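J.: This is the content of start_15.txt (compact mmCIF, C-alpha atoms):
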```
# COMPACT_ATOMS: atom_id res chain seq x y z
CA MET R 1 102.11 115.49 58.33
CA SER R 2 100.23 117.35 55.65
CA HIS R 3 96.85 118.98 56.01
CA ALA R 4 95.58 116.50 53.42
CA ASP R 5 96.57 113.61 55.70
CA LEU R 6 94.42 115.04 58.46
CA THR R 7 91.40 115.88 56.37
CA MET R 8 91.45 113.01 53.85
CA GLY R 9 91.95 109.98 56.01
CA GLY R 10 95.67 109.93 56.78
CA PRO R 11 97.04 107.56 59.43
CA THR R 12 95.97 109.75 62.40
CA ALA R 13 92.90 111.34 60.87
CA GLY R 14 90.58 109.49 63.25
CA LEU R 15 92.27 111.12 66.25
CA THR R 16 92.00 114.67 65.00
CA ALA R 17 88.92 114.83 62.82
CA GLY R 18 86.02 116.67 64.49
CA PRO R 19 85.15 117.16 68.16
CA ALA R 20 84.69 114.18 70.47
CA PHE R 21 81.08 112.87 70.46
CA SER R 22 80.17 115.83 68.19
CA VAL R 23 80.23 118.03 71.31
CA PRO R 24 81.96 121.43 71.17
CA ALA R 25 85.30 121.54 73.00
CA LYS R 26 84.15 123.94 75.75
CA LYS R 27 81.11 121.82 76.54
CA MET R 28 83.23 118.65 76.55
CA ALA R 29 85.64 120.33 78.97
CA MET R 30 82.72 121.12 81.29
CA TRP R 31 81.50 117.51 81.14
CA LEU R 32 85.00 116.29 82.02
CA PHE R 33 85.14 118.76 84.92
CA ILE R 34 81.74 117.53 86.11
CA ILE R 35 82.90 113.89 86.04
CA ALA R 36 86.02 114.85 88.02
CA ASP R 37 84.02 116.92 90.49
CA THR R 38 81.57 114.05 90.92
CA ALA R 39 84.53 111.97 92.08
CA THR R 40 85.53 114.73 94.54
CA PHE R 41 82.08 114.97 96.12
CA ALA R 42 81.61 111.20 96.06
CA ALA R 43 84.93 110.75 97.88
CA CYS R 44 83.82 113.24 100.56
CA LEU R 45 80.41 111.60 100.97
CA VAL R 46 81.83 108.05 101.04
CA ALA R 47 84.43 109.10 103.63
CA TYR R 48 81.64 110.69 105.65
CA GLY R 49 79.59 107.48 105.39
CA PHE R 50 82.64 105.46 106.44
CA ILE R 51 83.18 107.39 109.68
CA ARG R 52 79.45 107.76 110.39
CA ASN R 53 78.97 104.00 110.11
CA ALA R 54 82.02 103.28 112.27
CA THR R 55 81.23 105.82 115.02
CA PRO R 56 78.72 104.70 117.68
CA ASN R 57 77.78 108.08 119.20
CA TRP R 58 77.13 109.94 115.98
CA PRO R 59 75.28 113.21 116.71
CA ARG R 60 71.79 113.92 115.38
CA PRO R 61 71.62 117.68 115.93
CA PHE R 62 68.96 118.71 113.43
CA HIS R 63 65.52 119.36 114.94
CA ASN R 64 63.98 121.42 112.18
CA ILE R 65 63.89 120.74 108.45
CA THR R 66 62.37 124.08 107.42
CA ASN R 67 65.69 125.70 106.53
CA VAL R 68 67.07 122.79 104.52
CA ALA R 69 63.69 122.31 102.78
CA LEU R 70 63.68 125.97 101.81
CA MET R 71 67.28 125.73 100.56
CA THR R 72 66.35 122.69 98.46
CA LEU R 73 63.33 124.47 96.98
CA ILE R 74 65.46 127.50 96.08
CA LEU R 75 68.25 125.47 94.49
CA VAL R 76 65.92 123.24 92.43
CA THR R 77 63.96 126.31 91.32
CA SER R 78 67.20 128.03 90.34
CA SER R 79 67.89 125.14 87.96
CA LEU R 80 64.56 125.90 86.27
CA THR R 81 65.35 129.63 86.01
CA MET R 82 68.75 128.70 84.54
CA LEU R 83 66.98 126.64 81.88
CA LEU R 84 64.67 129.57 81.13
CA GLY R 85 67.71 131.84 80.73
CA ILE R 86 69.35 129.42 78.29
CA LYS R 87 66.12 129.07 76.30
CA ALA R 88 65.82 132.85 76.08
CA ALA R 89 69.45 133.11 74.96
CA LYS R 90 68.97 130.43 72.29
CA ALA R 91 65.90 132.32 71.08
CA GLY R 92 67.98 135.52 70.79
CA ASP R 93 66.18 137.26 73.67
CA LYS R 94 69.18 138.94 75.33
CA SER R 95 67.27 140.84 78.00
CA GLY R 96 65.26 137.75 78.93
CA ALA R 97 68.40 135.66 79.12
CA LEU R 98 70.11 138.23 81.33
CA ARG R 99 67.05 138.55 83.57
CA TRP R 100 66.75 134.79 84.16
CA THR R 101 70.51 134.44 84.64
CA PHE R 102 70.49 137.14 87.30
CA ILE R 103 67.41 135.60 88.96
CA THR R 104 69.39 132.33 89.10
CA ALA R 105 72.35 134.18 90.64
CA ALA R 106 70.01 135.83 93.18
CA ALA R 107 68.63 132.39 94.11
CA GLY R 108 72.21 131.21 94.60
CA ILE R 109 72.92 134.17 96.88
CA ILE R 110 69.79 133.47 98.97
CA PHE R 111 70.80 129.81 99.20
CA ALA R 112 74.29 130.80 100.39
CA LEU R 113 72.88 133.24 102.98
CA LEU R 114 70.51 130.59 104.36
CA HIS R 115 73.43 128.18 104.51
CA ILE R 116 75.61 130.66 106.38
CA ARG R 117 72.73 131.41 108.77
CA GLU R 118 72.48 127.70 109.51
CA TRP R 119 76.23 127.45 110.06
CA MET R 120 76.14 130.39 112.47
CA ALA R 121 73.29 128.78 114.42
CA LEU R 122 75.26 125.52 114.75
CA ILE R 123 78.42 127.41 115.74
CA GLY R 124 76.30 129.31 118.28
CA GLU R 125 75.24 125.96 119.78
CA GLY R 126 78.90 125.10 120.34
CA MET R 127 79.75 123.18 117.18
CA THR R 128 83.26 123.60 115.77
CA LEU R 129 85.39 121.59 113.34
CA PHE R 130 86.62 119.37 116.16
CA GLN R 131 83.95 119.29 118.86
CA ASN R 132 80.24 119.65 119.50
CA PRO R 133 77.91 119.17 122.47
CA TRP R 134 76.10 116.14 121.01
CA GLY R 135 78.70 113.43 120.38
CA THR R 136 81.79 112.68 118.39
CA GLY R 137 83.84 115.66 117.24
CA LEU R 138 84.13 114.10 113.79
CA PHE R 139 80.65 115.34 113.00
CA GLY R 140 81.72 118.99 112.79
CA SER R 141 84.60 118.34 110.43
CA ALA R 142 82.45 116.11 108.20
CA PHE R 143 79.52 118.54 108.17
CA PHE R 144 81.54 121.70 107.57
CA SER R 145 83.79 120.14 104.93
CA ILE R 146 80.97 118.64 102.84
CA THR R 147 78.57 121.58 103.09
CA GLY R 148 81.51 124.00 102.80
CA LEU R 149 82.68 122.37 99.59
CA HIS R 150 79.15 122.61 98.21
CA LEU R 151 78.79 126.21 99.36
CA THR R 152 82.09 127.02 97.62
CA HIS R 153 80.67 125.60 94.41
CA VAL R 154 77.48 127.65 94.79
CA THR R 155 79.51 130.82 95.44
CA ALA R 156 81.73 130.15 92.41
CA GLY R 157 78.60 129.51 90.36
CA VAL R 158 77.02 132.80 91.43
CA ILE R 159 80.18 134.71 90.47
CA ALA R 160 80.32 132.87 87.14
CA LEU R 161 76.63 133.58 86.47
CA ILE R 162 77.14 137.31 87.02
CA VAL R 163 80.34 137.48 84.94
CA VAL R 164 79.03 135.34 82.06
CA GLY R 165 75.65 137.14 82.15
CA ILE R 166 77.29 140.55 81.82
CA ARG R 167 79.68 139.38 79.11
CA TYR R 168 76.80 137.75 77.24
CA GLN R 169 74.91 141.04 77.30
CA ARG R 170 77.98 142.89 75.98
CA GLY R 171 78.33 140.36 73.15
CA ARG R 172 81.59 138.77 74.32
CA TYR R 173 79.91 135.46 75.15
CA LYS R 174 77.27 133.53 73.23
CA ALA R 175 74.23 131.51 74.23
CA ASP R 176 76.41 128.39 74.13
CA ASP R 177 78.54 129.82 76.96
CA LEU R 178 75.44 130.28 79.11
CA GLU R 179 74.44 126.72 78.29
CA ILE R 180 77.85 125.41 79.43
CA LEU R 181 77.58 127.38 82.68
CA GLY R 182 74.09 125.91 83.06
CA LEU R 183 75.61 122.42 83.09
CA TYR R 184 77.73 123.45 86.09
CA TRP R 185 74.74 124.97 87.91
CA HIS R 186 72.61 121.85 87.41
CA PHE R 187 75.50 119.74 88.66
CA VAL R 188 75.63 121.79 91.89
CA ASP R 189 71.90 121.11 92.23
CA ILE R 190 72.42 117.36 91.72
CA VAL R 191 75.12 117.25 94.42
CA TRP R 192 72.69 118.90 96.86
CA MET R 193 70.20 116.07 96.19
CA PHE R 194 72.70 113.69 97.83
CA VAL R 195 73.99 116.05 100.53
CA VAL R 196 70.49 116.65 101.96
CA PRO R 197 69.60 113.03 102.77
CA LEU R 198 73.09 111.97 103.84
CA VAL R 199 74.15 114.97 105.91
CA TYR R 200 70.83 116.41 107.10
CA LEU R 201 67.95 113.95 106.96
CA LEU R 202 69.86 110.96 108.37
CA ASN R 203 70.94 113.19 111.28
CA LEU R 204 67.48 114.36 112.30
CA THR R 205 66.48 114.16 115.94
CA HIS R 206 63.38 111.95 116.19
CA MET C 1 72.17 122.91 65.32
CA THR C 2 72.93 119.91 67.52
CA THR C 3 70.30 117.57 68.88
CA ALA C 4 70.58 119.13 72.34
CA GLU C 5 70.05 122.60 70.90
CA GLU C 6 66.97 121.44 69.01
CA HIS C 7 65.63 120.07 72.27
CA LYS C 8 66.17 123.38 74.05
CA SER C 9 64.52 125.52 71.44
CA GLY C 10 61.10 123.97 72.24
CA GLY C 11 58.67 124.97 74.99
CA ILE C 12 59.21 124.64 78.69
CA GLY C 13 56.40 122.09 79.26
CA LYS C 14 58.71 119.12 79.69
CA ASP C 15 61.12 121.14 81.85
CA LEU C 16 58.26 122.13 84.16
CA VAL C 17 57.12 118.52 84.47
CA VAL C 18 60.69 117.44 85.33
CA TYR C 19 60.99 120.36 87.80
CA PHE C 20 57.81 119.35 89.65
CA CYS C 21 58.85 115.66 89.61
CA ILE C 22 62.19 116.58 91.20
CA LEU C 23 60.47 118.76 93.79
CA ALA C 24 58.03 115.96 94.61
CA LEU C 25 60.88 113.46 94.95
CA ALA C 26 62.80 115.89 97.17
CA GLY C 27 59.68 116.21 99.32
CA PHE C 28 59.41 112.43 99.44
CA GLN C 29 62.94 112.27 100.90
CA PHE C 30 61.73 114.46 103.78
CA VAL C 31 58.74 112.13 104.29
CA ILE C 32 61.11 109.12 104.42
CA ALA C 33 63.19 110.94 107.05
CA TYR C 34 60.20 110.88 109.41
CA GLN C 35 59.28 107.23 108.79
CA ASN C 36 59.76 104.90 111.73
CA ILE C 37 62.19 102.54 110.00
CA ASP C 38 65.70 101.23 110.45
CA ALA C 39 68.53 103.68 109.51
CA SER C 40 69.90 101.35 106.85
CA GLN C 41 66.46 101.02 105.22
CA MET C 42 66.05 104.77 105.40
CA LEU C 43 69.43 105.25 103.72
CA VAL C 44 68.56 102.84 100.91
CA ARG C 45 65.18 104.49 100.25
CA MET C 46 66.66 107.99 100.30
CA MET C 47 69.50 107.01 97.96
CA ILE C 48 67.09 105.42 95.48
CA VAL C 49 65.03 108.65 95.44
CA ALA C 50 68.20 110.77 95.12
CA ILE C 51 69.45 108.66 92.19
CA VAL C 52 66.11 109.07 90.39
CA GLU C 53 66.21 112.84 91.06
CA ALA C 54 69.78 113.09 89.79
CA GLY C 55 68.94 110.99 86.74
CA LEU C 56 66.05 113.29 85.83
CA ALA C 57 68.21 116.39 86.24
CA LEU C 58 71.07 114.83 84.27
CA LEU C 59 68.93 113.61 81.39
CA PHE C 60 66.53 116.53 81.03
CA PHE C 61 67.93 119.64 82.78
CA MET C 62 71.43 118.96 81.46
CA HIS C 63 69.98 117.58 78.21
CA LEU C 64 72.20 114.51 78.28
CA TRP C 65 69.30 112.52 76.81
CA ALA C 66 69.31 114.77 73.74
CA GLU C 67 73.09 114.70 73.30
CA ASN C 68 75.11 112.24 71.27
CA ARG C 69 74.58 108.72 72.68
CA GLY C 70 78.36 108.30 72.85
CA LEU C 71 78.61 111.21 75.31
CA LEU C 72 75.78 109.77 77.41
CA TRP C 73 77.53 106.41 77.71
CA PHE C 74 80.91 108.09 78.29
CA VAL C 75 79.55 110.13 81.22
CA VAL C 76 77.45 107.33 82.72
CA VAL C 77 80.04 104.55 82.45
CA PHE C 78 82.95 106.60 83.83
CA THR C 79 80.89 108.12 86.65
CA VAL C 80 79.28 104.85 87.72
CA PHE C 81 82.66 103.08 87.62
CA VAL C 82 84.27 105.73 89.84
CA LEU C 83 81.33 105.68 92.27
CA LEU C 84 81.37 101.89 92.51
CA ALA C 85 85.16 101.77 92.89
CA MET C 86 84.88 104.04 95.92
CA GLN C 87 82.79 101.48 97.80
CA TYR C 88 85.74 99.17 98.46
CA GLY C 89 86.31 100.50 101.99
CA TRP C 90 82.97 99.62 103.56
CA THR C 91 84.18 96.31 104.94
CA ASP C 92 86.75 98.22 106.97
CA SER C 93 84.08 100.62 108.20
CA PHE C 94 81.98 97.67 109.44
CA ARG C 95 85.11 96.14 110.99
CA LEU C 96 85.59 99.34 112.97
CA SER C 97 81.97 99.44 114.11
CA GLY C 98 81.45 95.72 114.80
CA GLY C 99 84.92 94.32 115.21
CA VAL C 100 86.14 91.14 113.57
CA PRO C 101 85.37 87.80 115.26
CA TRP C 102 89.00 86.64 115.25
CA ALA C 103 90.15 89.82 117.03
CA LYS C 104 88.28 88.86 120.23
```
Let me see the structure of the file written as structure tokens.
T.:
Amino acid sequence: MSHADLTMGGPTAGLTAGPAFSVPAKKMAMWLFIIADTATFAACLVAYGFIRNATPNWPRPFHNITNVALMTLILVTSSLTMLLGIKAAKAGDKSGALRWTFITAAAGIIFALLHIREWMALIGEGMTLFQNPWGTGLFGSAFFSITGLHLTHVTAGVIALIVVGIRYQRGRYKADDLEILGLYWHFVDIVWMFVVPLVYLLNLTH
Amino acid sequence: MTTAEEHKSGGIGKDLVVYFCILALAGFQFVIAYQNIDASQMLVRMMIVAIVEAGLALLFFMHLWAENRGLLWFVVVFTVFVLLAMQYGWTDSFRLSGGVPWAK
């Protein structure tokens, strides 16, 4: 097939001409990843809901919401700082972009540390993957797998923020790359909006 | 410059409004958690708030609203379809919790 066929309306020109939805390929790849990852988290949360609904003695171990409220505040705020970093990058302000990107990464690190502290407290109370002092042992596996998967995403995001931030400063990456990473970071934030009510707030001790 | 890029080059006023809306909605979820209502009602209320939060973040933080409408529909239709398709197992979950009448 000649180049003219592709550019001037040949039989397959519609399949090859221009990026899908006028979105750059890297950004489209990130959107596809986000759709796939949504399915992963949704599968975990639906499976959790399935066993929680079907298990009579489901534990309600959470007494205090301070830690999870603080984690939510930090993660939502980190989405705002990510936006500020992207805006600075689009405006050509490299130092501002790097500063906000690193602030976002720092927020991610604090979130992860608070999460690990909470895990350690629960482990200290006798909770493992397969048993806990409050009820069915399924709770531990559900809790650790869902929050662990989210924590893995946050950790990967922090690493990506640092790497992309440094490479952006050195000129290897552009503002568009920060924007694509921002999509991932906001997605991690969105997932947390569903994990909090389902895993924490519905398991509060009243 | 794409539509989404034009959107981002503006001020942060709208982003701040969305940020505070999301924070307020997140706070509202915590208020719901302490309401004296049935667990199923609590779940429904919390999920409605979470969907609104996620919608705000998706449309404005991720700038999906400012992207090509085709991308918006592509993301929404595929995601909603997958999420709805995953709900097929609930009848079995209720069977496990309540039992089926003909099994007694």
J.: What lies within 12 Å of C:Gln35 using all atoms listed in the file, ignoring chain neighbours under 5 positions off, as an NGL selection string?
T.: (:R and (201-202 or 204 or 206)) or (:C and (28-30 or 41-43 or 45-46))
J.: Restricting the calculation to all atoms listed in the file, which member of R:Pro24, R:Pro56, R:Gly135, R:Pro61 is positioned closest to C:Leu96?
T.: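 Nearest candidate to C:Leu96 out of R:Pro24, R:Pro56, R:Gly135, R:Pro61: R:Pro56.
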J.: Identify all chain R residues at most 8 Å from chain C by counting only C-alpha atoms; ligands do not count. Present them as a PDB file with C-alpha atoms, keeping the file's coordinate frame.
T.:
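Output (part38.pdb):
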```
ATOM      1  CA  PHE R  21      81.080 112.870  70.460  1.00  0.00           C
ATOM      2  CA  SER R  22      80.170 115.830  68.190  1.00  0.00           C
ATOM      3  CA  VAL R  23      80.230 118.030  71.310  1.00  0.00           C
ATOM      4  CA  TRP R  31      81.500 117.510  81.140  1.00  0.00           C
ATOM      5  CA  ILE R  35      82.900 113.890  86.040  1.00  0.00           C
ATOM      6  CA  THR R  38      81.570 114.050  90.920  1.00  0.00           C
ATOM      7  CA  ALA R  39      84.530 111.970  92.080  1.00  0.00           C
ATOM      8  CA  ALA R  42      81.610 111.200  96.060  1.00  0.00           C
ATOM      9  CA  ALA R  43      84.930 110.750  97.880  1.00  0.00           C
ATOM     10  CA  VAL R  46      81.830 108.050 101.040  1.00  0.00           C
ATOM     11  CA  PHE R  50      82.640 105.460 106.440  1.00  0.00           C
ATOM     12  CA  ILE R  51      83.180 107.390 109.680  1.00  0.00           C
ATOM     13  CA  ASN R  53      78.970 104.000 110.110  1.00  0.00           C
ATOM     14  CA  ALA R  54      82.020 103.280 112.270  1.00  0.00           C
ATOM     15  CA  THR R  55      81.230 105.820 115.020  1.00  0.00           C
ATOM     16  CA  PRO R  56      78.720 104.700 117.680  1.00  0.00           C
ATOM     17  CA  THR R  72      66.350 122.690  98.460  1.00  0.00           C
ATOM     18  CA  LEU R  73      63.330 124.470  96.980  1.00  0.00           C
ATOM     19  CA  VAL R  76      65.920 123.240  92.430  1.00  0.00           C
ATOM     20  CA  THR R  77      63.960 126.310  91.320  1.00  0.00           C
ATOM     21  CA  SER R  79      67.890 125.140  87.960  1.00  0.00           C
ATOM     22  CA  LEU R  80      64.560 125.900  86.270  1.00  0.00           C
ATOM     23  CA  LEU R  83      66.980 126.640  81.880  1.00  0.00           C
ATOM     24  CA  LEU R  84      64.670 129.570  81.130  1.00  0.00           C
ATOM     25  CA  LYS R  87      66.120 129.070  76.300  1.00  0.00           C
ATOM     26  CA  LYS R  90      68.970 130.430  72.290  1.00  0.00           C
ATOM     27  CA  ALA R  91      65.900 132.320  71.080  1.00  0.00           C
ATOM     28  CA  GLY R 182      74.090 125.910  83.060  1.00  0.00           C
ATOM     29  CA  LEU R 183      75.610 122.420  83.090  1.00  0.00           C
ATOM     30  CA  HIS R 186      72.610 121.850  87.410  1.00  0.00           C
ATOM     31  CA  PHE R 187      75.500 119.740  88.660  1.00  0.00           C
ATOM     32  CA  ILE R 190      72.420 117.360  91.720  1.00  0.00           C
ATOM     33  CA  MET R 193      70.200 116.070  96.190  1.00  0.00           C
ATOM     34  CA  PHE R 194      72.700 113.690  97.830  1.00  0.00           C
ATOM     35  CA  PRO R 197      69.600 113.030 102.770  1.00  0.00           C
ATOM     36  CA  LEU R 198      73.090 111.970 103.840  1.00  0.00           C
ATOM     37  CA  LEU R 201      67.950 113.950 106.960  1.00  0.00           C
ATOM     38  CA  LEU R 202      69.860 110.960 108.370  1.00  0.00           C
ATOM     39  CA  LEU R 204      67.480 114.360 112.300  1.00  0.00           C
ATOM     40  CA  HIS R 206      63.380 111.950 116.190  1.00  0.00           C
TER      41      HIS R 206
END
```
J.: Go through R:Thr66, R:Ser78, R:Thr205, R:Ser141 and flag the residue nearest R:Ile109, using all atoms listed in the file for the distances.
T.: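 The shortest atom-to-atom distance to R:Ile109 comes from R:Ser78.
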J.: Considering only C-alpha atoms, return as an NGL selection string whatever protein or nucleic-acid residues lie within 12 Å of R:Gly140, sequence-local ones (same chain, fewer than 6 positions apart) excluded.
T.: :R and (48 or 52 or 58-61 or 119 or 122-123 or 125-134 or 146-148 or 199)
J.: Measure the distance from atom CA of R:Ala20 to atom CA of R:Ile180 in Å and round it to one decimal.
T.: 15.9 Å
J.: Calculate how many Å separate atom CA of R:Ile74 from atom CA of R:Gly96, rounding to one decimal.
T.: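 Interatomic distance, atom CA of R:Ile74 to atom CA of R:Gly96: 20.0 Å.
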